[in-house]
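Written out below as structure tokens is the structure these notes cover.
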Amino acid sequence: MKKYILIAAAIAATTLGAGAAVAGDATKGGQTFREKGCWQCHGFEGQGGSAGPRLANTQLPEDALIAFVHNSNGPMPPFSEKLVSDAQLSDVYAYLQSRQKPADPKTIPLLQP
Amino acid sequence: MIEPKKSGTDRRNFLKGAAVAGVAPAVAVAAAVPSAEAQVAAPRHLPSALPPTVKTIAAEVGDVKEMNRIGGKPGSDFMVDVLKTLDIKYTPSNCASSFRALHESIINYGENKAPEFLSCMHEESGVAMAHGYFKITGKPLMTMVHGTVGLQHATMGIYNAFCDRVPVIIIGGNDMDAASRPPGVPTFHAAQDINLIVRDYTKWDDTPTSLQAFAQSMVRGYKIAMTPPYGPVAISLDAGLQQEPIGAHGAGLYIPKFNMPSPPAGEMGAVKEAARLLVNAENPVIVADRSARTPEGVQLLIQLAELLQAPVVDQGNRMNFPNTHYLSRPAGVVSTADVIMGLELSDFWGTVNAYTDNGDDGIGVNSTKIKPTTKLISISSVELLTKSNYQDFQRFQSVDVSMPADAQATLPALIEAVKSALTSERRAQNDQRAEKAKKTYADIRARERAAAAVAWDASPISTARLCMELYGQIKNEDWSLVASEGNVSNWPNRLWAMEKHHQWLGRSGGYGVGYGAPASVGAALANRDLGRFSVAIQSDGDLMFAPGVLWTAARHKIPLLSVMHNNRAWHQETMHVQRMASFRNRPSNYGNDAGPVGTMIQNPDIEYHKLAESMGWWAKGPIKDPALLGPAIKEAMAVVKSGQPALLNVWTQPR
């Protein structure tokens, strides 16, 4: 619950909207994503699963993502600026935005009902 | 069949006599029957034609006297007679001297049938095989263990069975008479009360000291194990009782008849009150955990849900409700409810409350998931259990209607009570409710499919891809997912069509890791006899606790397709340690691995395919490219259909 308030606040405060130009370095971001342990709960591709939601191609603005990671007081443990800096999270953001967009499930034969 | 020896000399008296005479027992035994060495050393001046032995003469005149050294039918043969009345099909066990007499009786006197001895490499595997077997057949198996060291090995498996409400009959051998039992190892393997270490997580245990008491204990134990809530029972068997002839115990020995007990059903007043609440509710929700003990349980729940048009959350410790039914819902639906009925919930508190592991000072935060006015109904046989040490009963949750009773046994009366309480207006709303529910259901399914498509081509392979490649190949078989240990983000429950009770068996119960591999072999054994195709999603950490069960599967020709979810970690712990590091605001030490030191199974990577191959399985791996997975599964399935177990070592995403 608190998380959503937090994210809403971050969205309100941000100048960057979803789909805006991404400043970070996706390659470095991928490395940070692995080294800081984000992959553990979100998957190496940020695909999400039972331990954490999907982050790949996230709709969140970059600032909201950064604010969330530093301050999460919900199911995700917070990562302070000491653990992962804003610049590193910008790279993570770029990494997540660079993930291949998933195919329409209707085009994947194994996902047909 | 066998004449009881008239002398009345039993083992103890014989050994005592030998000891009094100052003769070592081994010598006395050697004097009675020449040892192999003595025969070899005998003079070689044999007559050209040996004189007939007493036995040969007797045979020729048609009067065969059994040359039975122990003087009559041994106690353990009678024990086998008792076991046969209970129709226990297998005894997966690791051999041990403290039950050698029963072992010998089972395979020779009992002709190794009902029970058939299955060779296990670890006692925990024996228990977990019985655990998995029961979940397919509804019939318990018996496992024999050394009463001390073997039972110590077996304990975690027993705890899992206890928490999962599964009957297993554990027979522990113990040589109780300190004056007559052999010194040394057998004495290390003896104890005053072997069952003590499992008393907190067995339903009942006993130490019979006569054959008649054994017969009563076995039948009583079986009955207790098979009365809901089901659970394991332990019977300690004295070595002397097994080994000695029935002799004087024989007269009047009888085997009590076993009649299946009826499960405890809810009291009618409470049933009617529950029906009233459910019928009058705007948004009734049913949550089921171990509700369906048998396939009939599934049908009953469908009937009730449709009568009320109530969504059903299947918490998945059994297959309670088809996930293809439009009333099937994820857990979150409880927040909309004004009445929630829990059926055999292992954790009612956790069903209606949340615990967030992110509070100040390392303490988690509790919060409610439901409205303050929501009424709660519970039907749970577990409330009839009164063990207190282990905390499997979870936190206390107050409920408005509490029925300490078996849910499945209560459902027929509840369905009738709901039918009589339903007004015609309420019935008239059902079509409209169903329409709405079908639409919601279709939306949920579409979202699940979209989520599965993310990272579809990733390497390591996504758990969604793993599960759907597998499902694509098995869906036209009469398949049974015999275990899914490790966490694959619940994809089978989310996307496979699960409609039959045997298609999903639930989890370990106590979350003791190491259940998956042996339980899947036990369930596959049951499915083999029923002609079904067994498949397991096998995690790496789980397999390594007691991988010897792979050999048991090959040895006893148990077909099973085991597809690994090899994320190269005890990944739950990976996340736990990471969480701790984040709370403490310090980076986590990964050593040379991909995650926190002590939680990864890397450097070197285990070649599970080679491990399986070495124990008689067909195996392939490591498979990292998702495009290669489908063809490999196809190949493995052909092998399994020929009767051999097959394993695929697949490198996967963490969850």
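Chain lettering (A, B, ...) mirrors the order of the structure tokens, residue numbering begins at 1 for each chain separately, and ligand numbering begins at 1 in order of display.
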
(request) Considering only C-alpha atoms, return as a PyMOL selection string whatever protein or nucleic-acid residues lie within 8 Å of Val92 of chain A, sequence-local ones (same chain, fewer than 3 positions apart) excluded. (result) chain A and resi 24-26+28-30+32-33+88-89+95-96

Give me the residues within 12 Å of Ser85 of chain A as a short mmCIF file (atom, residue, chain, number, x, y, z; two decimals) with all heavy atoms, in the first residue's frame, counting only C-alpha atoms and dropping any in the same chain fewer than 6 places off.
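What follows is the written file result.cif:
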```cif
data_model
loop_
_atom_site.label_atom_id
_atom_site.label_comp_id
_atom_site.auth_asym_id
_atom_site.auth_seq_id
_atom_site.Cartn_x
_atom_site.Cartn_y
_atom_site.Cartn_z
N GLY A 29 24.37 -1.27 -16.80
CA GLY A 29 23.18 -1.52 -15.99
C GLY A 29 22.93 -3.01 -15.80
O GLY A 29 22.56 -3.46 -14.70
N THR A 32 25.28 -4.17 -13.16
CA THR A 32 24.82 -3.76 -11.82
C THR A 32 23.65 -4.62 -11.37
O THR A 32 23.57 -5.04 -10.21
CB THR A 32 24.38 -2.27 -11.85
OG1 THR A 32 25.48 -1.50 -12.29
CG2 THR A 32 23.92 -1.79 -10.49
N LYS A 36 24.35 -6.44 -7.90
CA LYS A 36 23.65 -5.96 -6.71
C LYS A 36 22.54 -6.91 -6.26
O LYS A 36 21.90 -6.68 -5.24
CB LYS A 36 23.05 -4.56 -6.95
CG LYS A 36 24.07 -3.52 -7.35
CD LYS A 36 25.04 -3.24 -6.22
CE LYS A 36 26.15 -2.28 -6.67
NZ LYS A 36 27.15 -2.04 -5.61
N ILE A 66 14.19 4.82 -9.17
CA ILE A 66 15.30 5.11 -8.25
C ILE A 66 14.77 5.33 -6.84
O ILE A 66 15.28 4.77 -5.86
CB ILE A 66 16.11 6.34 -8.75
CG1 ILE A 66 16.79 5.99 -10.09
CG2 ILE A 66 17.14 6.77 -7.71
CD1 ILE A 66 17.45 7.17 -10.78
N ALA A 67 13.70 6.12 -6.74
CA ALA A 67 13.14 6.40 -5.41
C ALA A 67 12.63 5.12 -4.76
O ALA A 67 12.84 4.88 -3.56
CB ALA A 67 12.00 7.41 -5.55
N VAL A 69 13.62 1.98 -5.23
CA VAL A 69 14.69 1.06 -4.83
C VAL A 69 15.33 1.54 -3.51
O VAL A 69 15.62 0.74 -2.63
CB VAL A 69 15.75 0.93 -5.95
CG1 VAL A 69 16.98 0.17 -5.46
CG2 VAL A 69 15.14 0.24 -7.16
N HIS A 70 15.49 2.86 -3.39
CA HIS A 70 16.11 3.39 -2.16
C HIS A 70 15.19 3.31 -0.95
O HIS A 70 15.66 3.22 0.18
CB HIS A 70 16.54 4.85 -2.35
CG HIS A 70 17.70 5.00 -3.30
ND1 HIS A 70 18.71 4.07 -3.42
CD2 HIS A 70 18.02 6.01 -4.17
CE1 HIS A 70 19.60 4.48 -4.32
NE2 HIS A 70 19.20 5.66 -4.79
N PHE A 79 17.38 -0.66 -1.03
CA PHE A 79 18.83 -0.61 -1.31
C PHE A 79 19.21 0.86 -1.23
O PHE A 79 18.79 1.66 -2.06
CB PHE A 79 19.14 -1.13 -2.72
CG PHE A 79 19.01 -2.63 -2.87
CD1 PHE A 79 17.76 -3.25 -2.85
CD2 PHE A 79 20.12 -3.42 -3.04
CE1 PHE A 79 17.64 -4.63 -2.99
CE2 PHE A 79 20.01 -4.80 -3.19
CZ PHE A 79 18.76 -5.41 -3.16
N ASP A 91 21.61 3.38 -14.97
CA ASP A 91 22.08 2.34 -15.89
C ASP A 91 21.15 1.12 -15.85
O ASP A 91 20.84 0.53 -16.87
CB ASP A 91 23.51 1.89 -15.52
CG ASP A 91 24.53 3.00 -15.72
OD1 ASP A 91 24.23 3.96 -16.47
OD2 ASP A 91 25.62 2.92 -15.11
N VAL A 92 20.73 0.77 -14.63
CA VAL A 92 19.80 -0.37 -14.49
C VAL A 92 18.52 -0.06 -15.27
O VAL A 92 17.99 -0.93 -15.98
CB VAL A 92 19.48 -0.64 -13.00
CG1 VAL A 92 18.27 -1.55 -12.84
CG2 VAL A 92 20.69 -1.25 -12.30
#
```

(message) I need the alpha helix (DSSP H) residues of segment 348-575 of chain B per DSSP on the backbone, written as a PyMOL selection string.
(response) chain B and resi 348-352+407-421+424-428+430-453+463-474+491-495+516-530+540-545+549-555+571-575

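Taking segment 151-236 of chain B and asking which residues DSSP calls strand (DSSP E or B) on the backbone, you get Ile169, Ile170, Ile171, Gly172, Gly173, Asn174, Trp204, Asp205, Asp206, Val233, Ala234, Ile235 and Ser236 of chain B.
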
Dump of N, CA and C atoms for the selected residues, as an mmCIF file, in the first residue's frame:
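Here's the written file again_32.cif:
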```
data_model
loop_
_atom_site.group_PDB
_atom_site.id
_atom_site.type_symbol
_atom_site.label_atom_id
_atom_site.label_comp_id
_atom_site.auth_asym_id
_atom_site.auth_seq_id
_atom_site.Cartn_x
_atom_site.Cartn_y
_atom_site.Cartn_z
ATOM 1 N N ILE B 169 3.557 -45.640 7.764
ATOM 2 C CA ILE B 169 3.755 -46.516 8.918
ATOM 3 C C ILE B 169 5.235 -46.793 9.053
ATOM 4 N N ILE B 170 5.806 -46.355 10.148
ATOM 5 C CA ILE B 170 7.246 -46.494 10.345
ATOM 6 C C ILE B 170 7.487 -47.593 11.367
ATOM 7 N N ILE B 171 8.255 -48.594 10.958
ATOM 8 C CA ILE B 171 8.587 -49.690 11.855
ATOM 9 C C ILE B 171 10.062 -49.549 12.195
ATOM 10 N N GLY B 172 10.357 -49.342 13.466
ATOM 11 C CA GLY B 172 11.755 -49.186 13.875
ATOM 12 C C GLY B 172 12.225 -50.421 14.621
ATOM 13 N N GLY B 173 13.284 -51.046 14.148
ATOM 14 C CA GLY B 173 13.843 -52.198 14.852
ATOM 15 C C GLY B 173 14.654 -51.734 16.055
ATOM 16 N N ASN B 174 14.557 -52.476 17.156
ATOM 17 C CA ASN B 174 15.284 -52.072 18.375
ATOM 18 C C ASN B 174 15.513 -53.328 19.205
ATOM 19 N N TRP B 204 0.787 -41.116 16.550
ATOM 20 C CA TRP B 204 0.728 -42.130 17.590
ATOM 21 C C TRP B 204 1.952 -43.003 17.446
ATOM 22 N N ASP B 205 2.390 -43.608 18.560
ATOM 23 C CA ASP B 205 3.471 -44.589 18.450
ATOM 24 C C ASP B 205 3.292 -45.633 19.536
ATOM 25 N N ASP B 206 3.973 -46.748 19.360
ATOM 26 C CA ASP B 206 3.819 -47.823 20.337
ATOM 27 C C ASP B 206 5.066 -48.699 20.341
ATOM 28 N N VAL B 233 2.539 -42.867 11.826
ATOM 29 C CA VAL B 233 2.609 -43.547 13.126
ATOM 30 C C VAL B 233 3.905 -44.345 13.164
ATOM 31 N N ALA B 234 4.408 -44.564 14.376
ATOM 32 C CA ALA B 234 5.678 -45.290 14.509
ATOM 33 C C ALA B 234 5.493 -46.462 15.463
ATOM 34 N N ILE B 235 5.988 -47.619 15.053
ATOM 35 C CA ILE B 235 5.916 -48.790 15.923
ATOM 36 C C ILE B 235 7.323 -49.346 16.087
ATOM 37 N N SER B 236 7.711 -49.474 17.338
ATOM 38 C CA SER B 236 9.039 -49.998 17.639
ATOM 39 C C SER B 236 8.937 -51.514 17.747
#
```

Kindly assemble as a Markdown table a list of the chain B residues that lie within 6 Å of chain A, each paired with its nearest atom pair and their distance in Å to one decimal, using only C-alpha atoms, sorted first by chain and then by ascending residue number.
```
| residue | atom | partner | partner_atom | distance |
| --- | --- | --- | --- | --- |
| B:Thr356 | CA | A:Pro75 | CA | 5.7 |
| B:Ala450 | CA | A:Pro105 | CA | 5.5 |
| B:Ala453 | CA | A:Pro105 | CA | 5.7 |
| B:Val454 | CA | A:Pro102 | CA | 4.9 |
| B:Ala455 | CA | A:Gln47 | CA | 5.9 |
| B:Ser489 | CA | A:Ser50 | CA | 4.5 |
| B:Arg579 | CA | A:Pro77 | CA | 5.8 |
| B:Ser582 | CA | A:Phe79 | CA | 5.7 |
| B:Arg655 | CA | A:Gly49 | CA | 5.9 |
```
